[in-house]
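> Please see the structure below; I have some questions.
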Amino acid sequence: METKYISKNGLNEWFSQIVKSGKRVYAPVEERGKVEFKKVQALSEVAEEYIQTTQSIKSAVFPRAEVLFSYEKENGKVKVEDFNPDAVKETVLWKVHPCDAAGFKPLTAIFNWDYTDKLYNAHLEKTTLVTFSCAKADKSCFCTSVNGGPGNTTGSDVLLTMLPDGGAIVEILTPKGEALVQLAASAFENDKGEDKSKYLADVPQAFDIEEVRARLATAFDSSVWKEQSERCLGCGACAFVCPTCACFDIQEDAHGSKGKRIRCWDSCGFSLFTLHTSGHNPRAVQSQRWRQRILHKFSYMPDRLSVFGCTGCGRCSRACPVDMNILEHITSIAKK
Amino acid sequence: MTIDKITNEAPGVRTFKLKFQNEEEANAFNFKAGQFGEYSAFGEGESTFCIASSPTRKGYIECTFRETGKVTSGLANLEEGNTMGFRGPFGNTFPMDEWKGKSLVFIAGGIALPPMRCVIQNALDLRENFKDITIVYGAKSVNDLVYKDELKEWADRPDVNLVTTVDPGGETPDWKGEIGFVPSVVEKTAPSPENTIAIVCGPPIMIKFTFPVLEKLGFKDDQIYTTLENRMKCGVGKCGRCNVGKLYVCKDGPVFSKEQLNNIPAEEY
Amino acid sequence: MDKLREKAAALLADGTVTMVLGYEEGTNKPRPVFCHTAEQASKLVYSSQCINNLAVYLTKKDIMGAGKVAVIATIPTLRSILQLSVENQLNEDNLVVITVTDKDEVKQFANFAEIEAYIADFELKLEGKEQEIINKLEGMSREERFKFWMEEMSHCFKCYACRAACPLCYCTKCIVEENRPQWINPWASPLANMEWQINRAMHMAGRCTGCGACGDACPVGIPIHLLTRKMIEDLAPEFGFTPGQPSKNGNALSTWKADDKENFIR
């Protein structure tokens, strides 16, 4: 791990070298009234004044629809063409926030516990994360309550903390990060000894996550689930914008004798998620599905995979049409 | 996999005997009783079925399914010699090594005999490892009984006590078996709980009424096993569908003892 | 506000209703609230910021329960209630409908006919930016319009918030959930998304009450309500209904009459 300094001009130089190297660069871009990750060619395209993108960047390693394999049928026999990991392109995710980078930890845990997912790992291997610390936060943010923070390094390859002079403190955290820095090594100067914490947003801790986890362990039959979920509409917005939600569906894109097997995003909030062929549905009402969402993220995942399924980015709360504010819900559970 | 043989078991129910197309894969393949696979009808999708044959029988696997939806209808349209897909084996297994020297009672209803057939065949192939073997199997009607030929085999064996039953109204004039629902037939058969393991599989309602009967007969929770039928898609603990508490039915199950089930909220499966 | 809270509390206290469905303060704007006791009625608010269409809950049996329920309805919600009534989805006897007038008066409707008379005074029209988009679309060629919507659809990720927020999407099995045959591909891709939205617009044809809940719910900012809204404008003269009024002549897509024109059938 090494800390350096980069000036405003140095940043421009480094960015253009990254683009020149042929890597795809995704960065937050303001468009249609929203800020979303999009492929960019120039630093000028990158959005400046915003708190958080609407969607997470998990689609870089877990696309919303992905071909698992394609097949062709002929005379009762079938030819199958598998996913090709070599076809995955080198990608740089520029200006993700620490809560986004932290989201890769639970994702990697899900896709690598026991059986290792070939596709996810192929994407992750070719992805470098350049994270920017947060100087601002809004009332939906709560990274500090879930083992995170506006300047945390978890999951990042390089962490930049912007300084008033337009330059940044650069923390080079992994070999991948080092390799990316080397693309414009001369743009980086020696660490000026700036204290990162002076430039970070203030995100007061709202609850103690271990205390929440302990309470949830005995909360299965609580009335809180019905109370909290009455207004939930059962759409997939929260799961889809979430950087750690990874539940998926497997579907067939069939065209006569040819076709593809597709993996696509799904949500435990949808009514059909757990439906048995017999017609029996263990989670037939929304309160049961809401309970699953919370318990899975804050109780089952830490128990099973030793990682929480939430990074406090607040996207679910901002995206929800009926303001299911997860910070509010968890805080109320912590206070019960 | 190539479909080697198709057997029509009952209205809408078929058994496929499958062989690997790739010899290397065939040789490398290994499974234990209780495990399941994801079977592909190319063009329709995948469906989850247990492997219904025993690992003691080499060179092929079998699956039995009822034509119910998109994928199973696609499978039902396939013919002998056609290719279909298989991913597996997934899930945990019946702890047969732990059961050596014990008596076994198998209780199944309708289309739930296939998940048990693997372990029944396995036990019969290693008959000397177990004391008494009792099988209680029931279906809606005589026509709905699956594995009719095998049932005859089991009935003819002196070292197996087979009790078949049909629901009241499902009998034919020449039906010689029991008439009644499986839980009540189990009570009538009254297997002894002494050094015995009971394996139960059937529709939720059958299980709901069979567990109390076993309890009444003296079976303890660690003597009762079942295999759960949650909705599963990926089979490898990733897609999240079968997540119940901190367990994944596709990884920690589908075989569970009643003792383990007591720790899972009953409404979740 | 106080009069509204008093009214709601009274209805709950004397047992007239088991629940009052209204709005409470949310993180950034008011959100739906379910009051089960008179004390909870003190949370109720009402303002122009109350955008969610509460009629979406009226067809959810496990939320509504078996008893009588009161709903505090904005104008868009009132329109949806009337359309749901025309489609036989509501029991007039189990519903108490209340609104707050321009003059801040709490008004309880005696029956649905009274609601219909009330909303007749409120014209359904788009404002500002949204009317601009419609004008722009109307000036486009067919190809340009398709390109516009395909670009919007590339952002859609099939969360179905639009469907979930729409009071008229109450089908227990949505067409996307039907897989024999798979009419609409369930994954997110520009074409699969377009299939879904075209289908929704068709199923809304002649039924949509123009509340805009779908567009408001969309997390990625697709103005999906303009698609269904434009359908209202296009269909109204052809099928003889007034935008914003319930379609008493039946839905455009699902109604057949013996005297329908057949001169286009060759």
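By order in the structure tokens, chains are A, B, ...; within a chain, residues start at 1; ligands start at 1, following the order shown.
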Which residues are near stretch 275-279 of chain A? Cut-off 8 Å, only C-alpha atoms, ignore same chain within fewer than 5 positions. Put them as JSON, numbers by chain.
{"B": [68, 69, 229, 230, 231]}
> Quick one: residues within 8 Å of A:Gly148, only C-alpha atoms counted, chain neighbours fewer than 6 positions away excluded, as a PyMOL selection string?
chain A and resi 98-99+102+311-312
> Report as a tab-separated table the residues of chain B within 10 Å of chain A, each with its shortest atom pair and distance in Å (one decimal), using only C-alpha atoms, ordered by chain and increasing residue number.

```
residue	atom	partner	partner_atom	distance
B:Met1	CA	A:Lys77	CA	9.5
B:Thr2	CA	A:Lys77	CA	8.5
B:Ala41	CA	A:Glu252	CA	9.9
B:Phe42	CA	A:Tyr71	CA	7.6
B:Gly43	CA	A:Ala254	CA	5.1
B:Glu44	CA	A:Glu252	CA	6.1
B:Gly45	CA	A:Glu252	CA	5.5
B:Glu46	CA	A:Ile250	CA	8.3
B:Thr68	CA	A:Thr277	CA	7.7
B:Gly69	CA	A:Thr277	CA	7.9
B:Leu78	CA	A:Gly76	CA	8.5
B:Glu79	CA	A:Gly76	CA	8.5
B:Glu80	CA	A:Gly76	CA	9.4
B:Gly81	CA	A:Gly76	CA	7.1
B:Asn82	CA	A:Gly76	CA	4.6
B:Thr83	CA	A:Lys77	CA	5.1
B:Met84	CA	A:Val78	CA	7.7
B:Gly85	CA	A:Val78	CA	8.9
B:Pro203	CA	A:Ser278	CA	8.8
B:Pro204	CA	A:His280	CA	9.1
B:Glu229	CA	A:His276	CA	7.9
B:Asn230	CA	A:His276	CA	6.5
B:Arg231	CA	A:His276	CA	5.3
B:Met232	CA	A:Thr274	CA	8.5
B:Lys233	CA	A:Ile250	CA	7.0
B:Cys234	CA	A:Ile250	CA	7.6
B:Gly235	CA	A:Tyr115	CA	9.9
B:Val236	CA	A:Tyr115	CA	6.3
B:Gly237	CA	A:Tyr115	CA	7.8
B:Lys238	CA	A:Ile110	CA	6.2
B:Cys239	CA	A:Cys247	CA	4.6
B:Gly240	CA	A:Cys247	CA	5.1
B:Arg241	CA	A:Thr274	CA	6.0
B:Cys242	CA	A:Thr274	CA	7.3
B:Asn243	CA	A:His296	CA	8.6
B:Val244	CA	A:Gln292	CA	8.6
B:Gly245	CA	A:Tyr300	CA	6.1
B:Lys246	CA	A:Tyr300	CA	4.5
B:Leu247	CA	A:Arg304	CA	7.9
B:Tyr248	CA	A:Arg304	CA	9.9
B:Lys251	CA	A:Asp114	CA	9.0
B:Pro265	CA	A:Phe220	CA	8.1
B:Ala266	CA	A:Pro282	CA	9.0
B:Glu267	CA	A:Pro282	CA	5.9
B:Glu268	CA	A:Pro282	CA	4.9
B:Tyr269	CA	A:Pro282	CA	5.6
```
> Could you take the residues named above and write them with N, CA and C atoms, as a CSV table (one decimal), in the first residue's frame?

```
chain,number,residue,atom,x,y,z
B,1,MET,N,-26.7,-35.4,-22.2
B,1,MET,CA,-27.1,-36.8,-21.9
B,1,MET,C,-28.0,-37.3,-23.0
B,2,THR,N,-27.9,-38.6,-23.3
B,2,THR,CA,-28.8,-39.2,-24.3
B,2,THR,C,-29.9,-39.9,-23.5
B,41,ALA,N,-34.3,-29.1,-20.9
B,41,ALA,CA,-34.9,-29.3,-22.2
B,41,ALA,C,-34.5,-28.1,-23.0
B,42,PHE,N,-33.6,-28.3,-23.9
B,42,PHE,CA,-33.0,-27.1,-24.7
B,42,PHE,C,-34.2,-26.5,-25.5
B,43,GLY,N,-34.3,-25.2,-25.3
B,43,GLY,CA,-35.4,-24.5,-25.9
B,43,GLY,C,-36.5,-24.2,-24.9
B,44,GLU,N,-36.5,-24.8,-23.8
B,44,GLU,CA,-37.6,-24.5,-22.8
B,44,GLU,C,-36.9,-24.0,-21.5
B,45,GLY,N,-35.9,-24.7,-21.0
B,45,GLY,CA,-35.3,-24.3,-19.8
B,45,GLY,C,-34.9,-25.5,-18.9
B,46,GLU,N,-34.7,-25.3,-17.6
B,46,GLU,CA,-34.3,-26.3,-16.8
B,46,GLU,C,-35.3,-26.6,-15.7
B,68,THR,N,-46.0,-30.9,-16.0
B,68,THR,CA,-46.8,-29.9,-15.3
B,68,THR,C,-46.7,-28.5,-15.9
B,69,GLY,N,-45.5,-28.1,-16.4
B,69,GLY,CA,-45.3,-26.8,-16.9
B,69,GLY,C,-44.5,-26.7,-18.1
B,78,LEU,N,-39.7,-35.1,-25.8
B,78,LEU,CA,-38.4,-35.8,-26.3
B,78,LEU,C,-38.6,-37.2,-26.4
B,79,GLU,N,-37.8,-37.8,-27.3
B,79,GLU,CA,-37.9,-39.3,-27.6
B,79,GLU,C,-36.6,-40.0,-27.3
B,80,GLU,N,-36.7,-41.3,-27.2
B,80,GLU,CA,-35.5,-42.1,-27.0
B,80,GLU,C,-34.5,-41.7,-28.0
B,81,GLY,N,-33.2,-41.5,-27.6
B,81,GLY,CA,-32.2,-41.2,-28.6
B,81,GLY,C,-31.9,-39.7,-28.6
B,82,ASN,N,-32.9,-38.9,-28.1
B,82,ASN,CA,-32.7,-37.4,-28.1
B,82,ASN,C,-31.7,-37.0,-27.1
B,83,THR,N,-31.2,-35.8,-27.2
B,83,THR,CA,-30.3,-35.2,-26.3
B,83,THR,C,-31.0,-34.2,-25.3
B,84,MET,N,-30.7,-34.3,-24.0
B,84,MET,CA,-31.1,-33.3,-23.1
B,84,MET,C,-29.9,-33.0,-22.2
B,85,GLY,N,-30.1,-32.0,-21.4
B,85,GLY,CA,-29.0,-31.5,-20.6
B,85,GLY,C,-29.1,-31.9,-19.1
B,203,PRO,N,-46.4,-34.8,-0.4
B,203,PRO,CA,-46.9,-33.5,-0.5
B,203,PRO,C,-47.0,-32.9,1.0
B,204,PRO,N,-46.9,-31.6,1.1
B,204,PRO,CA,-46.8,-31.0,2.5
B,204,PRO,C,-47.9,-31.5,3.4
B,229,GLU,N,-38.7,-29.8,-1.0
B,229,GLU,CA,-39.0,-29.5,-2.4
B,229,GLU,C,-39.0,-28.0,-2.7
B,230,ASN,N,-38.2,-27.2,-2.1
B,230,ASN,CA,-38.3,-25.7,-2.4
B,230,ASN,C,-38.0,-25.5,-3.9
B,231,ARG,N,-38.4,-24.3,-4.3
B,231,ARG,CA,-38.1,-23.9,-5.7
B,231,ARG,C,-36.6,-23.7,-5.8
B,232,MET,N,-36.0,-24.4,-6.7
B,232,MET,CA,-34.5,-24.2,-6.9
B,232,MET,C,-34.2,-24.0,-8.3
B,233,LYS,N,-33.2,-23.1,-8.6
B,233,LYS,CA,-32.9,-22.9,-10.0
B,233,LYS,C,-31.4,-23.1,-10.3
B,234,CYS,N,-30.5,-22.5,-9.6
B,234,CYS,CA,-29.1,-22.7,-9.9
B,234,CYS,C,-28.5,-24.0,-9.4
B,235,GLY,N,-29.0,-24.4,-8.2
B,235,GLY,CA,-28.6,-25.6,-7.6
B,235,GLY,C,-27.3,-25.5,-6.9
B,236,VAL,N,-26.6,-24.3,-6.9
B,236,VAL,CA,-25.3,-24.2,-6.3
B,236,VAL,C,-25.2,-23.1,-5.3
B,237,GLY,N,-26.4,-22.7,-4.7
B,237,GLY,CA,-26.4,-21.7,-3.6
B,237,GLY,C,-26.1,-20.3,-4.1
B,238,LYS,N,-26.5,-19.9,-5.3
B,238,LYS,CA,-26.2,-18.5,-5.7
B,238,LYS,C,-27.4,-17.7,-6.0
B,239,CYS,N,-28.5,-18.3,-6.6
B,239,CYS,CA,-29.6,-17.5,-7.1
B,239,CYS,C,-30.5,-17.0,-6.0
B,240,GLY,N,-30.4,-17.6,-4.8
B,240,GLY,CA,-31.1,-17.1,-3.7
B,240,GLY,C,-32.5,-17.7,-3.5
B,241,ARG,N,-33.1,-18.4,-4.5
B,241,ARG,CA,-34.4,-18.8,-4.4
B,241,ARG,C,-34.7,-19.7,-3.2
B,242,CYS,N,-33.8,-20.7,-2.9
B,242,CYS,CA,-34.1,-21.7,-1.9
B,242,CYS,C,-33.5,-21.3,-0.6
B,243,ASN,N,-33.1,-20.0,-0.4
B,243,ASN,CA,-32.6,-19.6,0.8
B,243,ASN,C,-33.6,-19.6,1.9
B,244,VAL,N,-33.4,-20.4,3.0
B,244,VAL,CA,-34.4,-20.5,4.1
B,244,VAL,C,-33.5,-20.3,5.3
B,245,GLY,N,-33.7,-19.2,6.0
B,245,GLY,CA,-32.9,-18.9,7.2
B,245,GLY,C,-31.5,-18.8,6.6
B,246,LYS,N,-30.5,-19.3,7.4
B,246,LYS,CA,-29.1,-19.2,6.8
B,246,LYS,C,-28.8,-20.4,6.0
B,247,LEU,N,-29.8,-21.2,5.7
B,247,LEU,CA,-29.5,-22.4,4.9
B,247,LEU,C,-29.9,-22.2,3.4
B,248,TYR,N,-29.3,-23.0,2.6
B,248,TYR,CA,-29.7,-23.1,1.2
B,248,TYR,C,-30.2,-24.5,0.9
B,251,LYS,N,-27.9,-26.7,-1.1
B,251,LYS,CA,-26.6,-27.0,-0.6
B,251,LYS,C,-26.6,-27.7,0.8
B,265,PRO,N,-38.0,-22.0,10.3
B,265,PRO,CA,-39.4,-21.6,10.4
B,265,PRO,C,-40.2,-22.4,9.5
B,266,ALA,N,-41.2,-23.1,10.0
B,266,ALA,CA,-42.0,-24.0,9.2
B,266,ALA,C,-42.7,-23.4,8.0
B,267,GLU,N,-43.0,-22.1,8.1
B,267,GLU,CA,-43.7,-21.4,7.0
B,267,GLU,C,-42.8,-21.2,5.8
B,268,GLU,N,-41.5,-21.3,5.9
B,268,GLU,CA,-40.6,-21.0,4.9
B,268,GLU,C,-40.3,-22.1,3.9
B,269,TYR,N,-40.9,-23.3,4.1
B,269,TYR,CA,-40.7,-24.3,3.1
B,269,TYR,C,-42.0,-25.1,2.7
```
> Given a cut-off of 10 Å, which residues of chain C touch chain B, counting only C-alpha atoms, written out as a PyMOL selection string?
chain C and resi 178-182
> Would you output that residue set with N, CA and C atoms, as a PDB file, in the first residue's frame?

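Heads up, here's the output in again_2.pdb:
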```
ATOM      1  N   GLU C 178     -46.547 -15.152 -17.389  1.00  0.00           N
ATOM      2  CA  GLU C 178     -47.068 -16.292 -18.134  1.00  0.00           C
ATOM      3  C   GLU C 178     -45.928 -16.841 -18.976  1.00  0.00           C
ATOM      4  N   ASN C 179     -45.625 -18.142 -18.852  1.00  0.00           N
ATOM      5  CA  ASN C 179     -44.511 -18.664 -19.647  1.00  0.00           C
ATOM      6  C   ASN C 179     -44.918 -19.733 -20.649  1.00  0.00           C
ATOM      7  N   ARG C 180     -46.248 -19.980 -20.763  1.00  0.00           N
ATOM      8  CA  ARG C 180     -46.694 -20.920 -21.793  1.00  0.00           C
ATOM      9  C   ARG C 180     -47.783 -20.273 -22.617  1.00  0.00           C
ATOM     10  N   PRO C 181     -47.460 -19.508 -23.687  1.00  0.00           N
ATOM     11  CA  PRO C 181     -46.084 -19.256 -24.111  1.00  0.00           C
ATOM     12  C   PRO C 181     -45.474 -18.066 -23.378  1.00  0.00           C
ATOM     13  N   GLN C 182     -44.184 -17.871 -23.541  1.00  0.00           N
ATOM     14  CA  GLN C 182     -43.499 -16.728 -22.958  1.00  0.00           C
ATOM     15  C   GLN C 182     -43.776 -15.546 -23.874  1.00  0.00           C
TER      16      GLN C 182
END
```
> Name the residues of stretch 183-290 of chain A that fall into alpha helix (DSSP H) according to DSSP on the backbone, using the chain letters and numbers of this document, as a compact mmCIF listing (two decimals) with N, CA and C atoms, in the first residue's frame.

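Written out: result_30.txt:
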```txt
# COMPACT_ATOMS: atom_id res chain seq x y z
N ILE A 209 -24.57 -2.23 14.16
CA ILE A 209 -25.01 -3.34 13.31
C ILE A 209 -24.97 -4.68 14.03
N GLU A 210 -24.05 -4.84 14.96
CA GLU A 210 -24.01 -6.12 15.67
C GLU A 210 -25.20 -6.26 16.61
N GLU A 211 -25.64 -5.11 17.13
CA GLU A 211 -26.81 -5.13 18.00
C GLU A 211 -28.05 -5.48 17.18
N VAL A 212 -28.13 -4.90 15.97
CA VAL A 212 -29.25 -5.20 15.08
C VAL A 212 -29.25 -6.68 14.75
N ARG A 213 -28.08 -7.20 14.43
CA ARG A 213 -27.98 -8.61 14.08
C ARG A 213 -28.46 -9.50 15.22
N ALA A 214 -28.08 -9.12 16.44
CA ALA A 214 -28.49 -9.91 17.61
C ALA A 214 -30.00 -9.88 17.77
N ARG A 215 -30.60 -8.71 17.59
CA ARG A 215 -32.06 -8.61 17.72
C ARG A 215 -32.76 -9.40 16.63
N LEU A 216 -32.22 -9.33 15.42
CA LEU A 216 -32.87 -10.01 14.30
C LEU A 216 -32.87 -11.52 14.48
N VAL A 224 -43.24 -6.54 13.49
CA VAL A 224 -42.59 -5.41 12.83
C VAL A 224 -42.60 -5.57 11.32
N TRP A 225 -42.56 -6.82 10.84
CA TRP A 225 -42.47 -7.02 9.38
C TRP A 225 -43.72 -6.54 8.69
N LYS A 226 -44.89 -6.86 9.27
CA LYS A 226 -46.14 -6.40 8.65
C LYS A 226 -46.23 -4.89 8.77
N GLU A 227 -45.87 -4.35 9.94
CA GLU A 227 -45.97 -2.90 10.14
C GLU A 227 -45.11 -2.15 9.12
N GLN A 228 -43.87 -2.62 8.95
CA GLN A 228 -42.96 -1.89 8.07
C GLN A 228 -43.30 -2.03 6.60
N SER A 229 -43.91 -3.18 6.22
CA SER A 229 -44.05 -3.46 4.79
C SER A 229 -45.43 -3.16 4.24
N ALA A 237 -37.31 -2.53 -7.53
CA ALA A 237 -36.43 -1.37 -7.60
C ALA A 237 -35.30 -1.44 -6.58
N CYS A 238 -35.63 -1.77 -5.32
CA CYS A 238 -34.59 -1.78 -4.28
C CYS A 238 -33.53 -2.81 -4.59
N ALA A 239 -33.95 -4.02 -4.98
CA ALA A 239 -32.97 -5.08 -5.26
C ALA A 239 -32.10 -4.74 -6.45
N PHE A 240 -32.70 -4.08 -7.45
CA PHE A 240 -31.94 -3.85 -8.67
C PHE A 240 -30.94 -2.72 -8.54
N VAL A 241 -31.24 -1.70 -7.74
CA VAL A 241 -30.26 -0.61 -7.59
C VAL A 241 -29.21 -0.94 -6.54
N GLN A 286 -46.49 -9.92 1.16
CA GLN A 286 -45.34 -9.02 1.09
C GLN A 286 -44.57 -8.93 2.40
N SER A 287 -45.25 -9.03 3.54
CA SER A 287 -44.54 -8.90 4.82
C SER A 287 -43.50 -10.01 4.96
N GLN A 288 -43.81 -11.21 4.44
CA GLN A 288 -42.84 -12.31 4.50
C GLN A 288 -41.66 -12.01 3.60
N ARG A 289 -41.91 -11.40 2.46
CA ARG A 289 -40.83 -11.10 1.52
C ARG A 289 -39.98 -9.96 2.04
N TRP A 290 -40.60 -8.98 2.69
CA TRP A 290 -39.84 -7.89 3.29
C TRP A 290 -38.94 -8.43 4.40
```
> Residues of stretch 54-122 of chain A that have any atom at most 12 Å from an atom of stretch 141-163 of chain C: could you tabulate them with the shortest-distance atom pair and the distance in Å to one decimal, using only C-alpha atoms, ordered by chain and increasing number, as JSON lines?

```
{"residue": "A:Thr54", "atom": "CA", "partner": "C:His155", "partner_atom": "CA", "distance": 11.4}
{"residue": "A:Gln55", "atom": "CA", "partner": "C:Phe157", "partner_atom": "CA", "distance": 10.1}
{"residue": "A:Ser59", "atom": "CA", "partner": "C:Phe157", "partner_atom": "CA", "distance": 10.9}
{"residue": "A:Pro63", "atom": "CA", "partner": "C:Phe157", "partner_atom": "CA", "distance": 10.5}
{"residue": "A:Arg64", "atom": "CA", "partner": "C:Phe157", "partner_atom": "CA", "distance": 7.2}
{"residue": "A:Ala65", "atom": "CA", "partner": "C:Phe157", "partner_atom": "CA", "distance": 9.3}
```
> Quick one: which residues from chain A are at most 6 Å off chain C, using only C-alpha atoms, as a list in words?
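Selected residues: Leu233, Cys235, Gly236, Ala237, Cys264, Ala319, Pro321 and Val322 of chain A.
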> Go ahead and save the picked residues with C-alpha atoms, as a PDB file, in the first residue's frame.

```pdb
ATOM      1  CA  LEU A 233     -45.540  -2.424  -3.581  1.00  0.00           C
ATOM      2  CA  CYS A 235     -41.473  -4.167  -7.206  1.00  0.00           C
ATOM      3  CA  GLY A 236     -37.781  -4.911  -7.740  1.00  0.00           C
ATOM      4  CA  ALA A 237     -36.426  -1.366  -7.600  1.00  0.00           C
ATOM      5  CA  CYS A 264     -30.928 -12.172 -15.390  1.00  0.00           C
ATOM      6  CA  ALA A 319     -35.289   4.572  -5.583  1.00  0.00           C
ATOM      7  CA  PRO A 321     -41.584   4.705  -5.000  1.00  0.00           C
ATOM      8  CA  VAL A 322     -43.130   4.589  -1.522  1.00  0.00           C
TER       9      VAL A 322
END
```
> Write out as a PyMOL selection string the residues lying within 12 Å of A:Tyr5, counting only C-alpha atoms and excluding same-chain residues fewer than 2 positions away.
chain A and resi 2-3+7-11+159-163+165-172+181+185-196
> Selection from above, C-alpha atoms, as a PDB file, in the first residue's frame, can you write it?

```
ATOM      1  CA  GLU A   2       1.399   3.367  -1.008  1.00  0.00           C
ATOM      2  CA  THR A   3       0.130   6.910  -0.741  1.00  0.00           C
ATOM      3  CA  SER A   7      -2.403  17.332  -9.177  1.00  0.00           C
ATOM      4  CA  LYS A   8      -5.393  18.444 -11.236  1.00  0.00           C
ATOM      5  CA  ASN A   9      -3.294  18.291 -14.394  1.00  0.00           C
ATOM      6  CA  GLY A  10      -1.888  14.962 -13.325  1.00  0.00           C
ATOM      7  CA  LEU A  11      -5.424  13.582 -13.010  1.00  0.00           C
ATOM      8  CA  LEU A 159      -8.723   5.474  -3.484  1.00  0.00           C
ATOM      9  CA  LEU A 160      -8.626   9.180  -4.276  1.00  0.00           C
ATOM     10  CA  THR A 161      -9.542  11.889  -1.802  1.00  0.00           C
ATOM     11  CA  MET A 162     -10.056  15.221  -3.566  1.00  0.00           C
ATOM     12  CA  LEU A 163      -8.251  18.287  -2.191  1.00  0.00           C
ATOM     13  CA  ASP A 165      -6.508  22.571  -5.049  1.00  0.00           C
ATOM     14  CA  GLY A 166      -8.190  20.222  -7.506  1.00  0.00           C
ATOM     15  CA  GLY A 167      -5.617  17.506  -6.866  1.00  0.00           C
ATOM     16  CA  ALA A 168      -6.054  14.409  -4.730  1.00  0.00           C
ATOM     17  CA  ILE A 169      -4.494  12.134  -2.134  1.00  0.00           C
ATOM     18  CA  VAL A 170      -3.939   8.809  -3.898  1.00  0.00           C
ATOM     19  CA  GLU A 171      -3.935   5.555  -1.943  1.00  0.00           C
ATOM     20  CA  ILE A 172      -2.694   2.709  -4.131  1.00  0.00           C
ATOM     21  CA  VAL A 181      -1.082   4.000 -11.796  1.00  0.00           C
ATOM     22  CA  ALA A 185       3.559   7.075 -13.392  1.00  0.00           C
ATOM     23  CA  SER A 186       5.020  10.540 -13.954  1.00  0.00           C
ATOM     24  CA  ALA A 187       1.659  12.147 -13.194  1.00  0.00           C
ATOM     25  CA  PHE A 188       1.989  11.084  -9.560  1.00  0.00           C
ATOM     26  CA  GLU A 189       4.056  12.957  -6.985  1.00  0.00           C
ATOM     27  CA  ASN A 190       5.183  12.164  -3.489  1.00  0.00           C
ATOM     28  CA  ASP A 191       2.640  12.153  -0.695  1.00  0.00           C
ATOM     29  CA  LYS A 192       2.209  15.679   0.643  1.00  0.00           C
ATOM     30  CA  GLY A 193       1.205  14.417   4.067  1.00  0.00           C
ATOM     31  CA  GLU A 194      -2.383  15.683   3.872  1.00  0.00           C
ATOM     32  CA  ASP A 195      -4.794  14.254   6.413  1.00  0.00           C
ATOM     33  CA  LYS A 196      -7.584  12.475   4.493  1.00  0.00           C
TER      34      LYS A 196
END
```
> Quick one: everything within 10 Å of stretch 40-51 of chain A, counting only C-alpha atoms, minus sequence neighbours fewer than 6 positions away in the same chain. Send it as a PDB file with C-alpha atoms, in the first residue's frame.

```
ATOM      1  CA  LEU A  11      -5.424  13.582 -13.010  1.00  0.00           C
ATOM      2  CA  ASN A  12      -6.251  14.683 -16.538  1.00  0.00           C
ATOM      3  CA  GLU A  13      -3.061  13.076 -17.799  1.00  0.00           C
ATOM      4  CA  TRP A  14      -3.701   9.818 -15.961  1.00  0.00           C
ATOM      5  CA  PHE A  15      -7.294   9.624 -17.164  1.00  0.00           C
ATOM      6  CA  SER A  16      -6.393  10.134 -20.795  1.00  0.00           C
ATOM      7  CA  ILE A  18      -6.206   5.031 -19.109  1.00  0.00           C
ATOM      8  CA  VAL A  19      -8.554   5.720 -22.019  1.00  0.00           C
ATOM      9  CA  LYS A  20      -5.658   5.470 -24.503  1.00  0.00           C
ATOM     10  CA  ARG A  24     -13.291   0.610 -21.134  1.00  0.00           C
ATOM     11  CA  VAL A  25     -13.903   3.338 -18.579  1.00  0.00           C
ATOM     12  CA  TYR A  26     -17.248   3.654 -16.796  1.00  0.00           C
ATOM     13  CA  ALA A  27     -17.891   6.801 -14.799  1.00  0.00           C
ATOM     14  CA  PRO A  28     -20.893   8.716 -13.410  1.00  0.00           C
ATOM     15  CA  VAL A  29     -22.465  10.864 -16.112  1.00  0.00           C
ATOM     16  CA  GLU A  30     -25.371  13.250 -15.705  1.00  0.00           C
ATOM     17  CA  GLU A  31     -28.082  12.569 -18.231  1.00  0.00           C
ATOM     18  CA  LYS A  34     -30.141  11.374 -13.281  1.00  0.00           C
ATOM     19  CA  TRP A  94     -13.940   5.464 -12.274  1.00  0.00           C
ATOM     20  CA  LYS A  95     -15.272   7.537  -9.400  1.00  0.00           C
ATOM     21  CA  HIS A  97     -17.851   5.661  -3.894  1.00  0.00           C
ATOM     22  CA  CYS A 134     -17.133  11.235  -0.303  1.00  0.00           C
ATOM     23  CA  ALA A 135     -16.977  14.878   0.673  1.00  0.00           C
ATOM     24  CA  LYS A 136     -20.767  15.083   0.944  1.00  0.00           C
ATOM     25  CA  ALA A 137     -23.550  12.799   2.095  1.00  0.00           C
ATOM     26  CA  ASP A 138     -27.331  13.041   2.291  1.00  0.00           C
ATOM     27  CA  CYS A 141     -26.531   7.567   3.495  1.00  0.00           C
ATOM     28  CA  CYS A 313     -25.328   3.551   0.096  1.00  0.00           C
TER      29      CYS A 313
END
```
